[in-house]
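Student: Input structure: start.txt, which contains compact mmCIF, C-alpha atoms (C1' of nucleotides).
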# COMPACT_ATOMS: atom_id res chain seq x y z
CA MET A 1 -1.50 -26.13 -19.95
CA ASP A 2 -0.38 -22.55 -19.37
CA VAL A 3 -0.77 -20.92 -16.01
CA ILE A 4 -2.86 -17.77 -16.27
CA ALA A 5 -1.76 -14.78 -14.23
CA ILE A 6 -3.90 -11.70 -13.73
CA PHE A 7 -2.26 -8.54 -12.45
CA GLY A 8 -3.29 -4.90 -12.25
CA PRO A 9 -3.72 -2.00 -9.87
CA THR A 10 -5.92 -2.25 -6.83
CA ALA A 11 -9.65 -1.91 -7.58
CA ALA A 12 -9.12 -2.91 -11.21
CA GLY A 13 -11.43 -5.87 -10.68
CA LYS A 14 -8.93 -8.73 -10.71
CA THR A 15 -10.99 -11.04 -8.51
CA GLY A 16 -14.17 -10.52 -10.49
CA VAL A 17 -12.36 -11.10 -13.76
CA ALA A 18 -10.80 -14.30 -12.44
CA ILE A 19 -14.21 -15.61 -11.46
CA GLU A 20 -15.77 -14.76 -14.82
CA LEU A 21 -12.82 -16.30 -16.62
CA ALA A 22 -13.10 -19.46 -14.54
CA GLU A 23 -16.72 -19.84 -15.55
CA LEU A 24 -15.82 -19.54 -19.21
CA LEU A 25 -13.06 -22.12 -18.75
CA ARG A 26 -15.43 -24.50 -17.01
CA GLU A 27 -17.73 -24.35 -20.01
CA ARG A 28 -14.81 -25.84 -21.89
CA GLY A 29 -14.44 -28.64 -19.41
CA GLU A 30 -11.57 -27.16 -17.41
CA ASP A 31 -11.42 -27.08 -13.62
CA PRO A 32 -9.54 -23.88 -12.75
CA VAL A 33 -8.39 -22.77 -9.29
CA ALA A 34 -7.31 -19.29 -8.21
CA VAL A 35 -3.96 -18.93 -6.46
CA ASN A 36 -3.76 -15.69 -4.53
CA CYS A 37 -0.68 -13.50 -4.97
CA ASP A 38 -1.62 -10.67 -2.68
CA SER A 39 0.54 -10.07 0.37
CA ILE A 40 -2.32 -8.96 2.61
CA GLN A 41 -5.08 -11.30 1.52
CA VAL A 42 -3.04 -14.15 3.01
CA TYR A 43 -4.08 -13.04 6.50
CA GLU A 44 -7.06 -14.38 8.34
CA GLY A 45 -8.96 -11.44 9.75
CA LEU A 46 -8.29 -8.76 7.14
CA GLU A 47 -10.68 -10.02 4.49
CA ILE A 48 -12.66 -6.80 4.18
CA LEU A 49 -9.68 -4.46 4.25
CA SER A 50 -7.70 -6.48 1.74
CA GLY A 51 -10.62 -7.01 -0.61
CA ALA A 52 -10.25 -10.78 -0.49
CA ALA A 53 -12.73 -12.94 -2.34
CA THR A 54 -15.91 -13.30 -0.30
CA PRO A 55 -17.43 -16.67 0.63
CA ASP A 56 -19.88 -16.26 -2.26
CA GLU A 57 -17.05 -15.56 -4.65
CA ARG A 58 -15.05 -18.48 -3.32
CA ALA A 59 -18.05 -20.68 -3.94
CA ARG A 60 -17.83 -19.68 -7.59
CA LEU A 61 -14.07 -20.18 -7.79
CA GLU A 62 -11.89 -22.06 -5.37
CA HIS A 63 -9.10 -19.85 -4.01
CA ARG A 64 -5.81 -21.05 -2.57
CA LEU A 65 -3.41 -19.17 -0.27
CA LEU A 66 -6.15 -16.91 0.98
CA GLY A 67 -6.72 -16.08 4.65
CA PHE A 68 -4.46 -18.81 5.98
CA VAL A 69 -1.95 -16.81 8.06
CA ALA A 70 -2.92 -15.94 11.63
CA ILE A 71 -3.27 -12.20 12.17
CA ASP A 72 -0.43 -12.16 14.68
CA GLY A 73 1.89 -14.10 12.38
CA GLU A 74 4.56 -12.60 10.17
CA PHE A 75 4.71 -13.64 6.56
CA SER A 76 7.23 -13.14 3.80
CA ALA A 77 7.77 -13.26 0.07
CA GLY A 78 10.11 -16.21 0.42
CA ARG A 79 7.58 -18.24 2.32
CA TYR A 80 4.97 -17.27 -0.23
CA ALA A 81 7.16 -18.45 -3.08
CA GLN A 82 7.48 -21.94 -1.57
CA LEU A 83 3.75 -22.24 -1.01
CA ALA A 84 2.79 -20.83 -4.39
CA HIS A 85 5.16 -23.15 -6.22
CA ALA A 86 3.72 -26.13 -4.38
CA GLU A 87 0.15 -25.10 -5.14
CA ILE A 88 0.82 -24.43 -8.81
CA ASP A 89 2.75 -27.66 -9.30
CA GLN A 90 0.08 -29.70 -7.58
CA LEU A 91 -2.74 -28.14 -9.57
CA LEU A 92 -0.92 -28.73 -12.84
CA ALA A 93 -0.28 -32.34 -11.84
CA GLU A 94 -4.01 -32.71 -11.27
CA GLY A 95 -4.77 -31.20 -14.63
CA ARG A 96 -6.37 -28.14 -13.07
CA ARG A 97 -5.49 -24.73 -14.47
CA PRO A 98 -4.01 -22.29 -11.93
CA ILE A 99 -5.14 -18.68 -12.21
CA VAL A 100 -2.60 -16.66 -10.25
CA VAL A 101 -4.35 -13.47 -9.25
CA GLY A 102 -3.39 -10.61 -6.97
CA GLY A 103 -1.79 -7.22 -6.80
CA THR A 104 1.60 -7.79 -5.17
CA GLY A 105 4.24 -7.50 -7.86
CA LEU A 106 7.03 -9.26 -5.99
CA TYR A 107 4.73 -12.13 -5.04
CA LEU A 108 3.67 -12.57 -8.64
CA ARG A 109 7.28 -12.71 -9.83
CA ALA A 110 8.03 -15.12 -7.01
CA ALA A 111 5.11 -17.35 -8.00
CA LEU A 112 6.00 -17.49 -11.69
CA ALA A 113 9.81 -17.49 -11.61
CA GLU A 114 12.49 -19.19 -9.54
CA LEU A 115 13.88 -16.19 -7.70
CA GLU A 116 16.43 -18.03 -5.52
CA MET A 117 15.64 -15.89 -2.55
CA ARG A 118 18.19 -15.67 0.22
CA PRO A 119 17.31 -17.42 3.46
CA GLN A 120 15.40 -15.92 6.32
CA VAL A 121 17.60 -14.66 9.12
CA PRO A 122 17.21 -15.54 12.81
CA SER A 123 15.09 -13.08 14.73
CA GLU A 124 17.98 -12.23 17.10
CA VAL A 125 20.05 -11.04 14.18
CA ARG A 126 17.19 -9.05 12.81
CA ALA A 127 16.56 -7.46 16.18
CA ALA A 128 20.24 -6.58 16.58
CA VAL A 129 20.40 -4.95 13.17
CA GLU A 130 17.23 -3.01 13.86
CA ALA A 131 18.63 -1.76 17.14
CA ASP A 132 21.78 -0.69 15.31
CA LEU A 133 19.74 1.02 12.67
CA ALA A 134 17.71 2.91 15.25
CA GLU A 135 20.81 3.99 17.13
CA ARG A 136 23.20 4.88 14.33
CA GLY A 137 20.89 5.68 11.45
CA PRO A 138 20.63 4.07 8.01
CA ALA A 139 23.49 6.00 6.41
CA ALA A 140 26.05 4.57 8.87
CA LEU A 141 25.07 0.97 8.13
CA HIS A 142 24.85 1.78 4.44
CA ALA A 143 28.47 2.97 4.51
CA GLU A 144 29.58 -0.36 5.99
CA LEU A 145 28.08 -2.47 3.23
CA PRO A 146 30.41 -3.94 0.61
CA ASP A 147 30.74 -1.73 -2.44
CA GLU A 148 28.96 -4.08 -4.79
CA LEU A 149 25.90 -4.12 -2.53
CA ARG A 150 25.94 -0.49 -1.58
CA SER A 151 25.78 0.83 -5.11
CA GLY A 152 22.19 -0.21 -5.73
CA VAL A 153 20.76 0.91 -2.40
CA HIS A 154 19.97 4.45 -1.35
CA PRO A 155 21.41 5.56 2.04
CA ASN A 156 17.86 6.30 3.25
CA ASP A 157 16.43 2.92 2.32
CA ARG A 158 16.14 1.44 5.81
CA LYS A 159 14.50 -1.82 4.83
CA ARG A 160 17.03 -2.85 2.22
CA ILE A 161 19.99 -1.65 4.26
CA ALA A 162 18.71 -3.70 7.19
CA ARG A 163 18.17 -6.79 5.08
CA LEU A 164 21.57 -6.61 3.40
CA THR A 165 23.30 -5.95 6.70
CA GLU A 166 21.65 -9.04 8.18
CA LEU A 167 22.85 -11.19 5.32
CA VAL A 168 26.38 -9.82 5.44
CA ARG A 169 26.66 -10.42 9.18
CA LEU A 170 25.56 -14.00 8.67
CA GLY A 171 28.05 -14.49 5.86
CA ILE A 172 25.32 -15.14 3.30
CA ALA A 173 26.05 -13.79 -0.14
CA PRO A 174 23.16 -11.63 -1.30
CA HIS A 175 22.42 -11.31 -4.98
CA ALA A 176 24.77 -8.90 -6.62
CA SER A 177 22.49 -8.44 -9.57
CA SER A 178 18.76 -8.04 -9.67
CA GLU A 179 18.29 -9.28 -13.23
CA GLY A 180 16.53 -12.35 -11.91
CA LEU A 181 13.50 -10.44 -10.78
CA TRP A 182 12.60 -9.65 -14.37
CA THR A 183 13.71 -12.93 -15.88
CA GLU A 184 11.81 -14.28 -18.82
CA ASN A 185 12.56 -17.82 -17.72
CA LEU A 186 9.50 -18.92 -15.82
CA ARG A 187 9.17 -22.10 -13.79
CA VAL A 188 6.17 -23.17 -15.81
CA PRO A 189 4.63 -21.78 -19.01
CA ALA A 190 2.37 -18.87 -18.20
CA ARG A 191 0.33 -16.13 -19.82
CA LEU A 192 0.38 -12.86 -17.95
CA PHE A 193 -2.50 -10.41 -18.34
CA GLY A 194 -2.39 -6.89 -16.94
CA ILE A 195 -5.61 -4.98 -16.44
CA THR A 196 -5.41 -1.27 -17.19
CA LEU A 197 -7.97 1.50 -17.21
CA GLU A 198 -8.09 5.24 -17.52
CA ARG A 199 -6.87 7.04 -14.44
CA ASP A 200 -10.14 8.83 -13.68
CA GLU A 201 -12.06 5.58 -13.74
CA LEU A 202 -9.42 3.88 -11.61
CA HIS A 203 -9.66 6.60 -8.99
CA ALA A 204 -13.44 6.43 -9.00
CA ARG A 205 -13.27 2.68 -8.50
CA ILE A 206 -10.77 3.06 -5.67
CA ASN A 207 -12.97 5.59 -3.90
CA ALA A 208 -16.05 3.42 -4.30
CA ARG A 209 -14.15 0.39 -3.08
CA VAL A 210 -12.87 2.12 0.05
CA ASP A 211 -16.38 3.36 0.80
CA ALA A 212 -17.74 -0.15 0.36
CA MET A 213 -15.07 -1.54 2.69
CA VAL A 214 -15.97 0.96 5.38
CA ALA A 215 -19.68 0.22 4.91
CA ALA A 216 -18.90 -3.49 5.22
CA GLY A 217 -17.24 -2.99 8.59
CA ALA A 218 -13.58 -2.47 7.75
CA ILE A 219 -13.08 -0.20 10.77
CA ASP A 220 -14.31 -2.84 13.20
CA GLU A 221 -12.24 -5.44 11.41
CA VAL A 222 -9.10 -3.37 11.88
CA LYS A 223 -9.88 -2.75 15.56
CA ARG A 224 -10.33 -6.47 16.07
CA ALA A 225 -7.07 -7.22 14.28
CA ASP A 226 -5.31 -4.60 16.37
CA ALA A 227 -6.73 -6.07 19.60
CA ALA A 228 -5.67 -9.54 18.47
CA GLY A 229 -2.06 -8.40 18.22
CA ALA A 230 -1.74 -8.00 14.47
CA SER A 231 1.82 -8.63 13.32
CA ARG A 232 4.01 -6.03 11.73
CA THR A 233 3.53 -7.46 8.25
CA ALA A 234 -0.24 -7.56 8.71
CA ARG A 235 -0.34 -3.99 9.99
CA ALA A 236 1.38 -2.89 6.80
CA ALA A 237 -1.97 -3.26 5.05
CA ILE A 238 -3.09 -0.01 3.50
CA GLY A 239 -5.86 1.41 5.63
CA PHE A 240 -4.83 -0.39 8.81
CA GLU A 241 -3.38 2.55 10.67
CA GLU A 242 -5.54 5.02 8.74
CA LEU A 243 -8.82 3.38 9.78
CA LEU A 244 -7.65 2.87 13.37
CA ARG A 245 -7.61 6.65 13.60
CA GLY A 246 -10.76 6.97 11.51
CA ASP A 247 -9.11 8.70 8.55
CA VAL A 248 -10.90 7.28 5.51
CA GLU A 249 -9.57 9.97 3.17
CA ALA A 250 -5.99 9.05 4.05
CA MET A 251 -6.79 5.48 3.14
CA ARG A 252 -8.14 6.50 -0.26
CA SER A 253 -5.05 8.54 -0.93
CA ALA A 254 -2.74 5.68 0.08
CA GLN A 255 -4.66 3.32 -2.20
CA ARG A 256 -4.15 5.67 -5.13
CA ALA A 257 -0.43 5.84 -4.44
CA PHE A 258 -0.31 2.06 -4.18
CA ALA A 259 -2.06 1.71 -7.52
CA ARG A 260 0.66 3.87 -9.07
CA ARG A 261 3.38 1.62 -7.69
CA GLN A 262 1.56 -1.43 -8.99
CA LEU A 263 1.38 0.14 -12.44
CA THR A 264 5.14 0.68 -12.29
CA TRP A 265 5.57 -3.06 -11.74
CA MET A 266 3.14 -3.89 -14.48
CA ARG A 267 4.88 -1.75 -17.10
CA LYS A 268 8.13 -3.52 -16.41
CA MET A 269 6.92 -7.12 -16.40
CA PRO A 270 8.16 -9.02 -19.44
CA HIS A 271 5.50 -10.33 -21.81
CA VAL A 272 2.61 -8.77 -19.96
CA GLU A 273 -0.45 -8.59 -22.19
CA LEU A 274 -2.42 -5.48 -21.33
CA VAL A 275 -6.19 -5.40 -21.36
CA ASP A 276 -7.79 -1.97 -21.15
CA ARG A 277 -11.06 -2.37 -19.32
CA THR A 278 -12.11 1.29 -19.31
CA GLY A 279 -15.89 1.29 -19.56
CA ARG A 280 -16.07 -2.53 -19.61
CA ASP A 281 -17.34 -5.04 -17.11
CA ASP A 282 -15.55 -8.07 -15.66
CA ALA A 283 -17.23 -10.47 -18.07
CA TRP A 284 -15.94 -8.49 -21.06
CA VAL A 285 -12.39 -8.64 -19.71
CA ALA A 286 -12.72 -12.37 -19.13
CA ARG A 287 -13.89 -12.94 -22.70
CA GLU A 288 -11.02 -10.81 -23.99
CA ILE A 289 -8.48 -12.84 -22.02
CA LEU A 290 -9.97 -16.07 -23.29
CA ALA A 291 -9.86 -14.84 -26.88
CA ARG A 292 -6.20 -13.92 -26.50
CA LEU A 293 -5.44 -17.30 -24.98
CA ASP A 294 -6.89 -18.91 -28.07
CA ARG A 295 -4.90 -16.64 -30.33
CA GLY A 296 -1.58 -17.50 -28.72
CA PRO A 297 1.05 -15.52 -26.82
CA ASP A 298 1.79 -11.87 -27.56
CA SER A 299 -0.97 -11.66 -30.12
C1' G B 1 -22.45 51.98 4.38
C1' G B 2 -17.75 52.20 7.77
C1' G B 3 -13.04 49.94 9.57
C1' G B 4 -9.21 46.18 9.24
C1' G B 5 -6.66 42.05 6.78
C1' A B 6 -5.27 39.00 2.59
C1' G B 7 -4.45 37.95 -2.82
C1' C B 8 1.77 34.01 -7.06
C1' G B 9 2.35 28.37 -10.39
C1' C B 10 -2.71 21.91 -8.78
C1' C B 11 -4.09 22.86 -3.28
C1' G B 12 -2.80 24.56 1.78
C1' G B 13 0.90 27.08 4.76
C1' A B 14 5.25 30.05 5.99
C1' G B 15 8.36 33.86 4.58
C1' U B 16 10.29 38.02 1.98
C1' U B 17 8.50 45.35 3.34
C1' G B 18 13.40 48.07 -2.49
C1' G B 19 18.69 44.37 -4.92
C1' A B 20 13.89 39.57 -6.61
C1' G B 21 12.33 33.07 -7.15
C1' A B 22 9.84 29.87 -11.33
C1' G B 23 12.28 29.51 -4.09
C1' C B 24 10.84 26.89 1.02
C1' C B 25 7.46 23.33 3.99
C1' G B 26 3.21 20.04 3.70
C1' G B 27 -0.46 17.70 0.63
C1' G B 28 -2.17 16.13 -4.11
C1' C B 29 -0.76 14.41 -8.83
C1' C B 30 2.94 11.95 -12.11
C1' G B 31 7.28 8.88 -12.89
C1' G B 32 11.36 5.50 -11.17
C1' U B 33 13.86 1.62 -7.87
C1' C B 34 12.70 -3.27 -6.03
C1' U B 35 15.32 -10.98 -4.58
C1' G B 36 12.55 -14.16 2.49
C1' U B 37 9.12 -7.08 5.99
C1' A B 38 6.97 -5.63 -0.81
C1' A B 39 -0.34 -2.90 0.46
C1' A B 40 6.70 -2.51 2.85
C1' A B 41 10.86 0.68 2.08
C1' U B 42 12.90 4.35 -1.02
C1' C B 43 14.31 8.14 -4.97
C1' G B 44 12.88 11.87 -8.45
C1' G B 45 9.53 15.25 -11.25
C1' U B 46 5.31 18.75 -11.06
C1' G B 47 4.73 27.50 -15.15
C1' C B 48 6.25 27.59 -20.73
C1' C B 49 9.53 26.42 -24.71
C1' U B 50 13.28 25.38 -29.46
C1' C B 51 15.78 22.45 -22.69
C1' G B 52 19.37 27.36 -22.94
C1' U B 53 20.18 27.72 -17.72
C1' G B 54 16.41 30.46 -22.21
C1' C B 55 11.39 32.86 -21.52
C1' U B 56 7.17 34.45 -18.78
C1' G B 57 5.52 35.14 -13.60
C1' A B 58 3.76 37.54 -7.19
C1' G B 59 -5.00 39.58 -8.19
C1' U B 60 -5.75 43.66 -12.55
C1' G B 61 -4.06 48.35 -14.40
C1' A B 62 -1.11 52.52 -13.87
C1' G B 63 2.84 55.12 -11.20
C1' U B 64 7.60 56.12 -8.29
C1' U B 65 12.65 54.00 -8.96
C1' C B 66 18.83 52.39 -11.83
C1' G B 67 15.88 48.30 -9.88
C1' A B 68 9.15 46.59 -7.36
C1' A B 69 6.46 40.54 -4.85
C1' U B 70 8.00 44.67 -1.48
C1' C B 71 6.52 51.75 -1.96
C1' U B 72 2.09 54.95 -4.15
C1' C B 73 -2.86 55.30 -6.61
C1' A B 74 -7.18 53.10 -8.70
C1' C B 75 -9.94 48.82 -9.51
C1' C B 76 -11.34 43.44 -8.68
C1' U B 77 -11.92 39.14 -5.40
C1' C B 78 -12.03 36.83 -0.63
C1' C B 79 -11.93 36.95 4.89
C1' C B 80 -12.81 39.42 9.74
C1' C B 81 -15.04 43.33 12.69
C1' C B 82 -18.68 47.44 13.20
C1' A B 83 -23.42 49.33 11.49
Can you dump the structure from the file as structure tokens?

Tutor:
Amino acid sequence: MDVIAIFGPTAAGKTGVAIELAELLRERGEDPVAVNCDSIQVYEGLEILSGAATPDERARLEHRLLGFVAIDGEFSAGRYAQLAHAEIDQLLAEGRRPIVVGGTGLYLRAALAELEMRPQVPSEVRAAVEADLAERGPAALHAELPDELRSGVHPNDRKRIARLTELVRLGIAPHASSEGLWTENLRVPARLFGITLERDELHARINARVDAMVAAGAIDEVKRADAAGASRTARAAIGFEELLRGDVEAMRSAQRAFARRQLTWMRKMPHVELVDRTGRDDAWVAREILARLDRGPDS
RNA sequence: GGGGGAGCGCCGGAGUUGGAGAGCCGGGCCGGUCUGUAAAAUCGGUGCCUCGUGCUGAGUGAGUUCGAAUCUCACCUCCCCCA
């Protein structure tokens, strides 16, 4: 049984489509389960802001890896990969079809492929590198990286320079090549569907979604998360800082920029099967995905 | 009706007061990178074309000048003040 993966820009309706698809699959006697691949929906206490499936929606389709990280906890792609692999393998062993759904490109690749991620580094090392970075600037650390690592990283790219510096100081060999990220060799057979739609409609959906989040209490949610000591990785959620200062328009704008980055991922993913949902509802998209499943890959 | 100020590329801002710019800053928009922080971080593009470093361009029209975004005149639009 193939894993089904559903990707697409924020506000494209991934969750709704997954639920509709699950209902169609159940009519065929399957017992599907959604596996979240969204880096923010993993947190407990950011459900509104991250657009996580609501209790009603979860009653219609069981979701895994949703809202299980404490708001003050840090999370990572590597940790996600371990958990996602375990969930997918277990579901397949039980004969239940996993529907991997979410908008984080790296997490999706990590769920479907074996990325061989480098280990996590001790927090002391991370802190030391960050102090160095703050004091000497990214270009200085960039210049100290081995040639083969430096070539692919821009001198301004603080995050990657920091990460690579950490690994080098610990004597861990980072990946020289990044081919693996786009590998066509998946851990388990999967069909990947990418939801697209015309840009105007996407923007309208994003605006409506942000408004709905605010109406549903996203600002209070963010204040609560802030008061509860939200971790750095949780605070990275789009809208977190924006809503803390009451700037809803900035959140809309950031969501649009995020959607663009997600589309960049989607265009590059091997064997992605695009479904244009412009003017269509979730149920239509679900039927289209099911029809393509029946027709076979790349049809 | 009178006085003052301002008009350029998707938007806002600054600046240039005769040797010029398809230029600066910010935003928006569009594209790219991505291996344990990824909703992060980061790079680039954004007048037109036949892509040469080519063409057009500083509200509109005329004028002065070797040369005008800059000076002059008229007109248009917007803003402020006074009636």

Student: Measuring between only C-alpha atoms, which one of A:Arg169, A:Arg60, A:Arg126, A:Arg187 shows the shortest distance to Glu144 in chain A?

Tutor: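 Counting only C-alpha atoms, the residue closest to Glu144 in chain A is A:Arg169.
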
Student: Nearest residue to Ala257 in chain A out of A:Leu186, A:Ile238, A:Leu181, A:Val275, using only C-alpha atoms?

Tutor: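 Selected residue with least distance to Ala257 in chain A: A:Ile238.
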
Student: For range 36-42 of chain B, list every protein, DNA or RNA residue within 9 Å, evaluated using all atoms listed in the file, and leave out those in the same chain fewer than 6 positions away; present the list as a PyMOL selection string.

Tutor: chain A and resi 38-40+50+74-81+103-107+117-121+153-154+156-160+232-233+236-239+254-255+258

Student: Kindly indicate which residue among B:C55, B:C29, B:U70, B:U65 lies nearest to U17 in chain B, using all atoms listed in the file for the distances.

Tutor: B:U70

Student: With a distance cut-off of 12 Å and all atoms listed in the file, select the neighbouring residues of G44 in chain B, excluding the residue or stretch itself and same-chain residues fewer than 4 positions from it, and output the selection as a ChimeraX atom specification.

Tutor: /B:30-33

Student: Leaving out Gly95 in chain A and any residue of its chain fewer than 2 positions from it, which residues lie within 9 Å of it when counting all atoms listed in the file, given as a list in words?

Tutor: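 With the cut-off at 9 Å, the set is Met1, Glu30, Asp31, Pro32, Gln90, Leu91, Leu92, Ala93 and Arg97 of chain A.
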
Student: Which residue, A:Thr165, A:Thr264, A:Asn207, A:Thr54, has the smallest gap to chain B when you use all atoms listed in the file?

Tutor: A:Thr264

Student: Would you please work out which residue, of A:Arg261, A:His85, A:Arg267, A:Arg277, is nearest to Val188 in chain A when using all atoms listed in the file?

Tutor: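 Ranked by minimum distance to Val188 in chain A, first place goes to A:His85.
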